[in-house]
Amino acid sequence: MKEQITEPNNSTIPERKHFIQEIIEEDLRNAKNNGRVHTRFPPEPNGYLHIGHAKSICLNFGLAKQYNGKCNLRFDDTNPTKEEQEYVDSIKKDVRWLGFDWEEREFFASDYFHQLYDWAIQLIKAGKAFVCDLSGEEVRKHRGTLTEPGKESPYRNRSIEENLDLFERMKKGEFPDGSRTLRAKIDMNHPNLNMRDPVMYRILHAEHHRTGNEWCIYPMYDWAHGESDSIEGITHSICTLEFEDHRPLYNWYVEQLGIHHPQQIEFARLNLTYTVMSKRKLLQLVEENIVNGWDDPRMPTISGLRRRGYTPEAIRSFADKVGVAKRDNMIDVALLEFSLREDLNKKAARMMAVLRPLKVVITNYPDGQVEELEAVNNPEDPAMGMRTVPFSKVLYIEQDDFKEVPPPKYFRLTPGAEVRLRYAYIIKCTNVVKDANGNITEVHCTYDPETKSGSAQSHRKVKGTIHWVSAEHAVDAEVRLYDRLFTEENPNGDNWKELINPNSLEALSGCKVERSLATVKPQERFQFERLGYFCVDDDSTPENLVFNRAVTLRDTWAKIEKNQ
RNA sequence: UGCCCGAUGGUGUAAUUGGUAACACACAUGACUCUGGAUCAUGGUAGUCUAGGUUCGAGUCCUAGUCGGGCAGCCA
């Protein structure tokens, strides 16, 4: 348990501070930004958000909340060729679902295109930017390499008047895509490649999802991002490590313009074992139908995790546990799974469901008799009350819960042995029925009427308790079992697609679930006793119930079995 | 042979800013249990990348090195 310190205002803050909190508190002590804390979450709407973004969302919104500040949602939509409204919508949905509120502060970099254009003119007039006629290929050649300095563009010293004229004509659409750029005039010998006269605008005759065909020149990330931060009065501009090299350029632009200067701070992005996190790869999984869309429950996307059965609380708690630092990391997916179990253990109603049914006949139970037995909905939360489950002569149990020849330490049903049926009776296996091929088709048992759960005489103890469902009352369901998408911990080499787990989805039909589950709705979550946590899939209907296994229960038996 | 960043157990993150390595996950063992769940208890493994140095004392400071990551889109 993490210790909490109670603040005078009654809010709690984590005891441990990470380096960004240290920076902010130092700024607060120095009354920087007049004591304001203002962050932003700035996704590009070119894909769905994933668990790595969730870390960033929790960080940015969390910091704002902790320091009584604000956090904006801003779409970095400066590349119309890759961005779409669908992504904007999904991002908003996901951030909201995670539990964060940007209030009225929903912004787009494209909101600032006019301001950016005016500022570009200001830089041209100051002799700090020029129109360059070099082709993409030529620009690349002039840039030099990591170890060699670059060469100045022959167009670098055009007159201000000519630059102004050309830039205006670029804007008017007089030139074809790729024919010219506006570049900042900095230093072609700079050891940081980002400072070698970086491109500010490129010509793109493309329709933008918000500005339509108004523009045919679009600002580059570096030119748009810091300026957007500045316009919004962002105090701490938090981003991932790969932008570290861009910070000098970020600073250069705001300094040349003489505008509010947010502080860029970089942290290490999240990596998770047995999955990929790059948008490019996730897009590929979707487009090549390796998974069934962005919200496939095997995807590390927020929408995938949601459909799988993850709760916002579990994801926020996970984000909290992984910490914030600058060193590269690879988080064990077991920590994510733990976060879900921790949350659902307290909240999910218990139900009985049999995934791979094996028929059990209680031979000494009266034909036609049905008893309604009392079951606890959640032993962790008495307030969730009780329900009733029907018991009768013919039941289903899990195939795994019967072994004709039991391995060592097997506590479940075996010939001649006794086992407790949860919330019901102790039964004893008397006979095994097989088909012509020797497969077990049913198991015959007798029950001990004295051992009814909750009754005064039910003192006898048996080693194992198994779950069951009354055949007559059971509801059929489809259950989808998910496993990790990749077979290796770090599937990030060039051969990543060869490492895809061919058995990451196992769909079971003809599963038998207890009566109480007949009326469930998509997104509802349950614990199927002894099996795991399950979530009603979006495909589910009352006629055709579909459950996704979000995560198994901790399985001590599996470990024993494995070590034998 | 460029610039920037990083380095603490199996994995992450801490260490009162120079005071004798902690927390979580994972792992192992035991107790309890009508979920082999939950809960509780216990345990192991680190001399903090290396080598020097400063100091009574270094994960924290200094010097030199080693290893890892990022950067050469008109992507973000």
# chains A, B, ... in the order shown; residues from 1 in each chain; ligands from 1
>>> select_by_dssp(residues="region 179-307 of chain A", states="helix (DSSP H, G or I)", output="PyMOL selection string")
chain A and resi 193-195+221-231+241-257+279-287+302-307
>>> residues_around(residues="region 171-173 of chain A", least_positions_apart="3", cutoff="12 Å", atoms="only C-alpha atoms (C1' of nucleotides)", output="ChimeraX atom specification")
/A:113-114,117-118,120-121,131,164-168,176-182,201-206,213-219
>>> closest_residue(among="A:Ser110, A:Ser303, A:Ser153, A:Ser392", to="Phe130 (chain A)", atoms="only C-alpha atoms")
A:Ser153
>>> residues_around(residues="region 59-62 of chain B", least_positions_apart="2", cutoff="8 Å", atoms="only C-alpha atoms (C1' of nucleotides)", output="count of residues only")
6
>>> select_by_dssp(residues="region 184-400 of chain A", states="strand (DSSP E or B)", output="number ranges by chain")
A: 184, 199-203, 208, 212, 217-219, 236-240, 263-267, 272, 301, 331, 349-351, 353-354, 357-362, 371-376, 386-391, 394-398
>>> residues_around(residues="region 401-403 of chain A", least_positions_apart="4", cutoff="8 Å", atoms="only C-alpha atoms (C1' of nucleotides)", output="NGL selection string")
:A and (397 or 412-415 or 466)
>>> interface_residues(of="chain A", to="chain B", cutoff="6 Å", atoms="only C-alpha atoms (C1' of nucleotides)", output="VMD selection string")
chain A and resid 145 to 147 191 to 192 202 242 245 322 to 323 327 332 335 422 529 to 530 556 to 557
>>> atom_distance(atom1="CA of Val394 (chain A)", atom2="CA of Ser470 (chain A)")
6.3 Å
>>> residues_around(residues="region 29-32 of chain A", least_positions_apart="2", cutoff="12 Å", atoms="only C-alpha atoms (C1' of nucleotides)", output="NGL selection string")
:A and (22-27 or 34-38 or 235-236 or 260-263)
>>> atom_distance(atom1="CA of Asp483 (chain A)", atom2="CA of Pro542 (chain A)")
26.2 Å
>>> residues_around(residues="U66 (chain B)", least_positions_apart="6", cutoff="12 Å", atoms="only C-alpha atoms (C1' of nucleotides)", output="number ranges by chain")
B: 7, 49-51
>>> write_last_selection(atoms="N, CA and C atoms (P, O5', C5', C4', C3', O3' and C1' of nucleotides)", output="PDB file, in the first residue's frame")
ATOM      1  P     A B   7      19.617   7.107 -14.899  1.00  0.00           P
ATOM      2  O5'   A B   7      20.180   5.613 -15.061  1.00  0.00           O
ATOM      3  C5'   A B   7      19.273   4.560 -15.360  1.00  0.00           C
ATOM      4  C4'   A B   7      20.056   3.307 -15.676  1.00  0.00           C
ATOM      5  C3'   A B   7      20.825   2.718 -14.502  1.00  0.00           C
ATOM      6  O3'   A B   7      20.793   1.297 -14.572  1.00  0.00           O
ATOM      7  C1'   A B   7      22.328   3.219 -16.257  1.00  0.00           C
ATOM      8  P     C B  49      24.897   1.345 -11.016  1.00  0.00           P
ATOM      9  O5'   C B  49      25.901   0.384 -11.774  1.00  0.00           O
ATOM     10  C5'   C B  49      25.493  -0.900 -12.219  1.00  0.00           C
ATOM     11  C4'   C B  49      26.501  -1.406 -13.203  1.00  0.00           C
ATOM     12  C3'   C B  49      27.947  -1.112 -12.805  1.00  0.00           C
ATOM     13  O3'   C B  49      28.469  -2.121 -11.969  1.00  0.00           O
ATOM     14  C1'   C B  49      27.585  -0.400 -15.023  1.00  0.00           C
ATOM     15  P     U B  50      29.563  -1.769 -10.862  1.00  0.00           P
ATOM     16  O5'   U B  50      30.872  -1.615 -11.741  1.00  0.00           O
ATOM     17  C5'   U B  50      31.329  -2.697 -12.560  1.00  0.00           C
ATOM     18  C4'   U B  50      32.585  -2.278 -13.279  1.00  0.00           C
ATOM     19  C3'   U B  50      33.628  -1.607 -12.405  1.00  0.00           C
ATOM     20  O3'   U B  50      34.428  -2.561 -11.726  1.00  0.00           O
ATOM     21  C1'   U B  50      33.327  -0.354 -14.385  1.00  0.00           C
ATOM     22  P     A B  51      35.056  -2.196 -10.304  1.00  0.00           P
ATOM     23  O5'   A B  51      36.228  -1.206 -10.725  1.00  0.00           O
ATOM     24  C5'   A B  51      37.249  -1.647 -11.616  1.00  0.00           C
ATOM     25  C4'   A B  51      38.162  -0.484 -11.924  1.00  0.00           C
ATOM     26  C3'   A B  51      38.520   0.356 -10.699  1.00  0.00           C
ATOM     27  O3'   A B  51      39.542  -0.243  -9.939  1.00  0.00           O
ATOM     28  C1'   A B  51      37.927   1.770 -12.496  1.00  0.00           C
TER      29        A B  51
END
>>> atom_distance(atom1="CA of Asn251 (chain A)", atom2="CA of Ile238 (chain A)")
14.0 Å
>>> residues_around(residues="Ala507 (chain A)", least_positions_apart="2", cutoff="9 Å", atoms="only C-alpha atoms (C1' of nucleotides)", output="number ranges by chain")
A: 478-482, 505, 509
>>> write_last_selection(atoms="N, CA and C atoms", output="compact mmCIF listing (two decimals), in the first residue's frame")
# COMPACT_ATOMS: atom_id res chain seq x y z
N GLU A 478 -21.48 -17.87 -25.82
CA GLU A 478 -20.18 -17.98 -26.47
C GLU A 478 -19.17 -17.26 -25.56
N VAL A 479 -18.03 -17.89 -25.39
CA VAL A 479 -17.01 -17.25 -24.56
C VAL A 479 -15.71 -17.18 -25.36
N ARG A 480 -15.14 -15.98 -25.38
CA ARG A 480 -13.89 -15.78 -26.13
C ARG A 480 -12.72 -15.66 -25.16
N LEU A 481 -11.79 -16.57 -25.31
CA LEU A 481 -10.61 -16.57 -24.43
C LEU A 481 -9.45 -15.94 -25.18
N TYR A 482 -8.80 -15.00 -24.53
CA TYR A 482 -7.69 -14.31 -25.18
C TYR A 482 -6.37 -14.65 -24.51
N LEU A 505 -6.62 -16.10 -29.78
CA LEU A 505 -8.07 -16.09 -29.58
C LEU A 505 -8.62 -17.50 -29.68
N SER A 509 -18.04 -22.11 -28.06
CA SER A 509 -19.50 -21.98 -28.11
C SER A 509 -20.10 -23.12 -27.30
>>> closest_residue(among="A:Leu272, A:Met220, A:Leu344, A:Ile560", to="Pro407 (chain A)", atoms="only C-alpha atoms")
A:Ile560
>>> closest_residue(among="A:Lys559, A:Lys70, A:Ile427, A:Arg420", to="A28 (chain B)", atoms="only C-alpha atoms (C1' of nucleotides)")
A:Lys559
>>> closest_residue(among="A:Arg269, A:Lys92, A:Lys281, A:Lys512", to="Trp496 (chain A)", atoms="only C-alpha atoms")
A:Lys281
